Structures are given as structure tokens and as C-alpha cells.
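Heads up: the structure comes next, in C-alpha cells.
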Amino acid sequence: MFKKILIANRGEIACRVIKTARKMGISTVAIYSDADRHALHVEMADEAVHIGPPPASESYIVIDKVMGAIKQTGAEAVHPGYGFLSENPKFADALEKAGVAFIGPPKTAIEAMGDKITSKKIAAEADVNTVPGHMGLIEDADEALKISEEIGFPVMLKASAGGGGKGMRIAWNAEEVREGFQASKNEAASSFGDDRMFIEKFVTQPRHIEIQVLCDSHGNGVYLGERECSIQRRNQKVIEEAPSPFLDAETRKAMGEQALALAHAVGYSSAGTVEFIVDGDKNFYFLEMNTRLQVEHPVTELITGVDLVEQMIRVAAGETLSLSQDDITLTGWAMESRLYAEDPYRNFLPSIGRLVRYRPPVEVAAGPLLDKGKWQDEAEAGETAVRNDTGVYEGGEISMYYDPMIAKLCTWAPDRGAAIEAMRVALDSFELEGIGHNLPFLSAVMDHPKFVSGDMTTAFIAEEYPDGFEGVELEEAALRRIAASCAAMHRVAEIRRTRVSGRMDNHERRVGEDWVVSLQGISFEVSVAADRDGATVTFADGATHRVSSGWTPGDALAVLDVDGETLVLKVGKVSGGFRIRNRGADLKVHVRTPRQAELALLMPEKLAADTSKMLLCPMPGLIVSVNVAEGDEVQEGQALCTVEAMKMENILRAERKAVVTKINAGPGDSLAVDDVIMEFE
């Protein structure tokens with residue numbers, strides 16, 4: 001077994017690999033750029049080597065620099081994680097020539113499966129179902145349009161070397177083909193150094209389901225069930241689960257066998273994932289094979305008890321796979337929510353900055369490999385687990401140079417409903433401040449009827465949130481529970497204020513029992529009767545809620561018991577009440593005396609500033625191009641400029657017909673959120 005391995009990656013996946021290596025008694029080496037000098041993976045590793053400036057193109061994906069770090073530290077093997085050099089055959093070749101083990105598949109398999117065109121041809125030859133499409137390379141937008149019309153709209157434009165949603169677009173008409181083709185080529189060239197494109201039919205009403213395979217170099221292989229990855233945004237997975245609520249045992253077996261057949265066809269060894277698109281009749285088609293560890297691998301680990309990173313290391317060391325297909329059993333249900341530094345209220349645009357507060361929920365029985373017997377005992381006992389894979393810490397920064405992922409929050413339970421409920425509580429308990437993030441959106445999905453039913457497709461987000469995410473409006477029953485909780489919490493805070501030291505004589509305050517709680521446009525008249533164990537909150541219609549908790553003023557998280565059920569609230573202070581966040585809703589809750597509530601109705605409402613004649617930068621980013629000039633008349637929907645952030649190009653368009661009067665920024669300018677790019681007449 002190896003004594004020292006280098007992790008050629010950063011962030012949460014580097015931390016994840018270090019955890020398993022540590023468990024196996026293997027020393028680890030981290031590499032880092034200037035931007036990651038104080039990163040968590042650097043702190044966790046036994047050694048760390050600086051490899052260059054922040055841009056990945058000058059550090060993490062420069063093979064010579066990584067090879068230099070290997071030589072400097074004497075690492076015997078390299079785990080590439082995902083992204084960066086993980087599927088680069090030149091890197092695997094360089095390691096082989098240097099006599100360093102690659103903790104991944106052979107370079108021939110990477111080459112065969114890394115090119116989506118070649119991989120589809122191999123899949124067809126191995127009798128794996130494939131999606132109709134054009135398998136040859138496409139030179140320009142004119143040829144792309146011709147091919148698209150032959151296949152029939154809609155079509156998917158894909159970068160041959162792509163992954164992670166980069167260089168990928170759906171085109172529903174000729175105009176979108178022309179515009180999307182060039183943008184996809186640019187993204188592919190920027191992210192992968194390879195701008196080759198191909199086109200395939202876009203299957204409507206699809207589900208994205210993938211099979212995890214694990215093979216050794218001695219011809220042995222197993223599949224470890226499937227992962228449902230249909231909740232996607234811009235072709236980037238957001239929520240994954242295992243198993244899929246859609247598949248039956250027969251389809252699972254057929255998909256698993258085809259996935260293994262493909263792996264064996266290319267002499268695959270290590271962990272890999274074969275992705276399929278599945279229609280409503282359970283017909284499945286090969287999409288691509290990812291010759292690396294997937295971002296969402298924890299859900300497979302949680303339902304199988306298999307540490308995939310450990311298995312990758314053992315396979316790379318030449319060991320024979322210790323698992324047979326009969327050893328693979330799926331126990332319980334696992335969910336994964338990807339927490340991104342993306343602001344859902346700004347159409348999920350990237351957000352960067354410092355993590356002023358970062359307090360994930362406590363991990364519970366969520367190691368990557370648990371004793372199988374213990375796992376089954378916990379399943380029978382109805383236990384749940386929480387796991388959080390992350391590469392950040394409180395006080396750290398989210399950089400504009402890399403992927404916006406903050407953490408992968410996972411839950412496990414004996415069944416799907418319990419796993420969803422565990423995720424709801426875990427998301428409510430996750431404290432994160434300082435940047436825009438998608439926690440509210442993830443919470444909203446967990447309560448969405450279509451998701452809860454399991455009846456969703458890859459179009460879920462586009463169909464259910466066509467105008468973007470604007471927050472959640474809670475039902476009255478939920479509002480009443482929150483109102484009762486806030487009334488009880490406010491009473492605790494008021495009592496504390498009456499006991500402040502140094503007050504004037506004969507000026508004692510009396511805390512009343514009657515309050516008016518206003519939230520989400522509704523006001524509830526309540527009466528609070530408190531005792532040592534909690535408070536009984538009575539509404540004007542006679543309904544009551546029993547509230548108890550250990551919350552004290554200043555606590556940012558309140559875990560309450562309301563009528564015997566747990567309610568977790570993120571709590572902030574606003575004048576006359578609280579800022580409460582729960583289940584995707586962000587509420588201002590005012591708790592007032594009846595007289596205060598009466599007077600509050602007379603207060604004028606502050607109006608927002610008028611920015612209707614300005615184009616504001618929706619995210620921190622770099623201006624790539626400006627498509628108009630001062631004095632130009634622009635039409636609704638016309639492209640005005642392109643802003644690049646976190647490796648993605650975003651085209652900003654005119655909302656209506658107007659005349660450009662002033663342009664404040666040009667190509668190469670770095671802008672902050674809400675900086676004015678241009679103004680209109």
C-alpha cells in the first residue's frame with residue numbers, strides 16, 4: 001500500500017480524500033494556489049506545496065507544476081478528485097512515465113470515454129443504448145444549424161471534452177443554435193482547452209439517472225446501484241438521491257449490466273460513473289461515462305456502506321476487488337443537497353465574499369464507511385444520519401476563480417420520506433452568512449409536492465420556477481407555528497430587558513401577555529401564558545400552541561418544540577421583532593403590543609430606489625464584451641454585454657426598448673454586484 005499520496009485538487013473533494021487516506025494510515029500532500037493559501041485542504045494535509053497564481057490555468061491544471069510537487073514531496077500516487085486534471089490523459093501519461101500511480105482509470109479508458117463522440121461509438125458497439133445524434137465534429141454555427149435541423153429540435157449542444165454543465169446548452173430553434181454554439185465553444189475552450197462540439201437529440205421529459213461502477217485491473221467489476229440526479233439547473237446537478245424513486249429492480253439490473261459492459265469494453269479500473277437519460281417508460285440511453293469520482297458519490301456510500309475513495313486507492317495499488325455483485329446491497333435512502341455560493345434571488349448568479357458565519361449541522365453517524373451490521377441495525381431502529389462534505393470554514397473566502405460549491409449536505413434514513421425530512425431539518429439548521437447562497441432554494445425543493453412524490457424530470461427547476469426563485473410563502477399552519485414561537489421568544493427577550501442592571505428607581509417595566517405578531521402580510525393576535533417549562537400561546541380564534549425551547553436572546557439558531565414537533569428557526573434581530581428563516585422562507589416577524597400594532601399601520605412604507613433606467617451588474621464578475629455603444633437604440637431581448645463569473649459566461653439583455661445614454665464599464669473591467677454597467681434614456 002502507498003505511504004504517501006498527493007491530491008491534485010482543492011476544496012471539499014481534496015478534504016474528502018484526505019479523510020480516507022488518514023483512516024488508511026496514508027500521508028497526504030496538498031497543492032494550493034495563491035487564492036488557497038489558507039484553504040481547509042491545505043490545513044488538513046500532512047504537507048502542502050504552492051503551485052502558482054489563482055487562475056486554475058496557471059496552477060491546478062498545469063501538469064508540470066503538479067509533477068514538480070510530486071517530485072518535491074516523493075508522493076507515490078496521485079488522487080485527482082474531480083474536475084481539473086482528473087480526466088486528462090496527458091496527466092495520467094505523465095504520471096506513468098514518472099513511475100507514479102494514478103488513482104483512477106488507465107489513460108486509454110480516459111481517452112476513450114473522455115471524448116463524448118468516441119464514447120458513444122464504443123457504447124453502441126458494446127450494445128449499450130445511445131441517444132440519436134451527430135457523432136462527428138462540428139466546425140461552425142452554420143454546420144451546427146444544418147445538423148440540428150436534420151436531427152430535429154430541440155437539440156443539445158455539447159463540448160466533446162465537457163463536464164459539470166460547462167460548454168453545454170439546449171437549443172429550441174435556429175437562433176439559439178447560432179448563439180449557443182459559439183458561447184459553448186468559448187466556455188469549452190476556457191474550461192477544458194478543447195472547443196470541439198457535437199450535437200444530439202434532447203430527450204423531453206427525461207430523468208438523469210447514473211450507475212456507479214467499480215472495477216479492478218484484474219477483470220473484476222461491480223455496479224453499486226444508481227443515483228437520481230434529475231434536479232438540475234443549467235445542466236448542473238443540485239440535488240441527488242440514491243436509489244432512484246423511479247427505477248424498478250429489473251431496470252436497475254439492466255442499466256447496471258450495461259454500465260459494466262461499457263466499463264469492461266474499455267478495460268476500465270477504478271471508480272467510474274455511467275450516466276443515462278431515462279424516459280417515462282423506463283427506456284434508458286447512454287449519455288457519457290465519467291472516468292473519475294463523482295461529486296455526488298456520498299449518497300452511494302451511504303446506501304452501500306462502501307468507501308469509494310478507499311476502493312480507488314486499493315485498486316490503484318494493484319489489489320483485487322474484495323467485493324462481488326452479491327455483496328452489494330442497497331440499505332435505506334440517501335439525499336444530497338449541493339450548497340452553492342449562488343444567489344437564488346438573483347437567478348442563481350455567483351456570489352463571492354467572506355463566510356462571516358459558517359455553522360453546518362452536526363454530523364451524525366455519517367462516516368464514509370460504517371460497519372454494515374451497525375448500518376442495518378440503525379435502519380431497523382429508524383435512525384437517521386447527517387454528513388457534510390466541505391472545503392470551507394468560518395472566516396474563509398469564496399473565490400471568484402473556482403467552482404462556487406460550499407458544501408455537500410447529505411442525509412440518510414431508512415426510507416425516502418424520512419431522508420427528505422432529515423434533510424429539511426438539516427437545511428434549517430445550517431447557518432451561513434456573508435454571501436448569497438442557495439440554502440432557501442434547496443429547502444423549497446424539499447417541500448415541493450412534485451419532488452416529494454418523486455415524479456420529477458430534468459426540467460423540474462425550469463418548469464416549477466420559470467421566473468426564477470423569489471422565495472417561499474408558507475401556509476397558514478406553518479405561519480401560526482412560527483408566530484407562536486416568535487411570541488414566546490419575544491417574551492423571553494422582553495423579560496431579559498426588564499432585568500437590566502443600573503435602571504432608575506421606580507421605573508420597572510411590566511411584560512404583558514397580549515401581543516400582535518405580523519409576518520408574511522398576516523397579523524395574529526395572541527396571548528402568551530408562560531411557565532417554567534415553556535409557554536402556551538393562544539390565538540384570537542381559540543387555537544393554542546405549546547412552545548418550549550432553550551433559546552436565549554442573541555442565539556442565531558432556535559431549536560424549539562412546538563406541540564411535540566421540532567421546529568428549527570434561523571433567528572436574526574430586526575427592529576421590533578425578528579428576521580426568521582425556515583423552510584426556504586425569509587420572514588420579517590414583528591411582535592408588538594396591541595397599541596404598537598395599531599400605530600404601525602399608520603407608518604408610511606419606504607419605496608425602493610428607481611433603477612429601471614440602469615443595467616446593473618447582477619454578480620461579481622469580469623466584463624467580457626459590450627455589444628452596444630452610446631446612442632444606440634436597443635430592442636427588448638437584445639444582448640447588451642457579457643459578464644464572466646466562476647467560469648461561466650452570462651449574457652445580459654435589454655428588458656425593453658431603450659436608447660443607451662452612457663456606458664460605464666468595458667471589456668476587462670471587474671465589477672461588484674449592482675455596479676452600473678450602462679444607463680438608458
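Residue numbers start at 1 in each chain; chains themselves are named A, B, ... in the order of the C-alpha cells; ligands are numbered from 1 in the order shown.
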As a PyMOL selection string, list the residues of stretch 93-269 of chain A assigned to alpha helix (DSSP H) by DSSP on the backbone atoms of this structure.
chain A and resi 93-97+107-114+116-125+141-151+174-192+249-265
Please, could you write that set of residues out with C-alpha atoms as a compact mmCIF listing (two decimals), in the first residue's frame?
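New file result09.txt:
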```txt
# COMPACT_ATOMS: atom_id res chain seq x y z
CA ASP A 93 0.59 9.57 -19.07
CA ALA A 94 2.99 11.92 -17.28
CA LEU A 95 2.41 10.05 -14.02
CA GLU A 96 3.01 6.70 -15.69
CA LYS A 97 6.30 7.90 -17.18
CA LYS A 107 -5.23 6.58 -19.72
CA THR A 108 -6.70 4.55 -22.60
CA ALA A 109 -10.05 4.44 -20.80
CA ILE A 110 -9.86 8.17 -20.07
CA GLU A 111 -9.18 8.88 -23.75
CA ALA A 112 -11.95 6.60 -24.95
CA MET A 113 -14.62 7.86 -22.53
CA GLY A 114 -13.37 11.44 -22.18
CA LYS A 116 -18.08 12.09 -25.89
CA ILE A 117 -18.13 11.29 -29.60
CA THR A 118 -15.77 8.34 -29.28
CA SER A 119 -17.51 7.14 -26.12
CA LYS A 120 -20.88 6.95 -27.85
CA LYS A 121 -19.40 4.88 -30.68
CA ILE A 122 -17.83 2.47 -28.19
CA ALA A 123 -21.09 2.30 -26.24
CA ALA A 124 -23.02 1.40 -29.40
CA GLU A 125 -20.50 -1.33 -30.22
CA ALA A 141 -22.50 27.58 -36.39
CA ASP A 142 -23.78 27.06 -39.96
CA GLU A 143 -22.93 23.38 -39.87
CA ALA A 144 -24.38 23.13 -36.36
CA LEU A 145 -27.65 24.60 -37.58
CA LYS A 146 -27.85 22.22 -40.55
CA ILE A 147 -27.25 19.19 -38.33
CA SER A 148 -29.73 20.43 -35.74
CA GLU A 149 -32.46 20.75 -38.34
CA GLU A 150 -31.75 17.21 -39.55
CA ILE A 151 -31.95 15.77 -36.02
CA ALA A 174 -32.21 28.14 -35.18
CA GLU A 175 -31.38 31.39 -33.40
CA GLU A 176 -30.48 29.57 -30.18
CA VAL A 177 -28.24 27.18 -32.12
CA ARG A 178 -26.28 30.04 -33.68
CA GLU A 179 -25.95 31.97 -30.44
CA GLY A 180 -25.38 28.98 -28.17
CA PHE A 181 -22.86 27.21 -30.38
CA GLN A 182 -20.25 29.96 -30.15
CA ALA A 183 -20.87 30.57 -26.44
CA SER A 184 -20.47 26.85 -25.73
CA LYS A 185 -17.25 26.72 -27.76
CA ASN A 186 -15.87 29.66 -25.77
CA GLU A 187 -16.76 28.06 -22.42
CA ALA A 188 -15.26 24.74 -23.53
CA ALA A 189 -12.02 26.38 -24.64
CA SER A 190 -11.79 28.34 -21.38
CA SER A 191 -12.61 25.41 -19.08
CA PHE A 192 -11.01 22.46 -20.86
CA ALA A 249 -35.26 -3.85 -9.82
CA GLU A 250 -35.41 -5.12 -13.40
CA THR A 251 -34.44 -1.75 -14.95
CA ARG A 252 -31.75 -1.22 -12.32
CA LYS A 253 -30.20 -4.60 -13.18
CA ALA A 254 -30.32 -3.90 -16.93
CA MET A 255 -28.72 -0.47 -16.52
CA GLY A 256 -26.08 -1.85 -14.16
CA GLU A 257 -25.14 -4.65 -16.53
CA GLN A 258 -24.87 -2.27 -19.49
CA ALA A 259 -22.73 0.09 -17.42
CA LEU A 260 -20.37 -2.75 -16.53
CA ALA A 261 -20.28 -3.95 -20.13
CA LEU A 262 -19.12 -0.50 -21.21
CA ALA A 263 -16.50 -0.38 -18.44
CA HIS A 264 -15.10 -3.76 -19.44
CA ALA A 265 -15.13 -2.73 -23.13
```
Which polymer residues have any atom within 9 Å of an atom of A:Val362, counting only C-alpha atoms, with same-chain residues fewer than 4 positions away left out, as a ChimeraX atom specification?
/A:386-388,426,429
A straight line from atom CA of A:Pro667 to atom CA of A:Tyr401 spans 17.8 Å
Atomic separation - atom CA of A:Leu85 relative to atom CA of A:Val66, Å
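One can read the atom CA of A:Val66 to atom CA of A:Leu85 distance as 9.7 Å.
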Every residue of stretch 252-345 of chain A that DSSP places in strand (DSSP E or B), as a ChimeraX atom specification:
/A:270-278,284-290,333-340,342-343
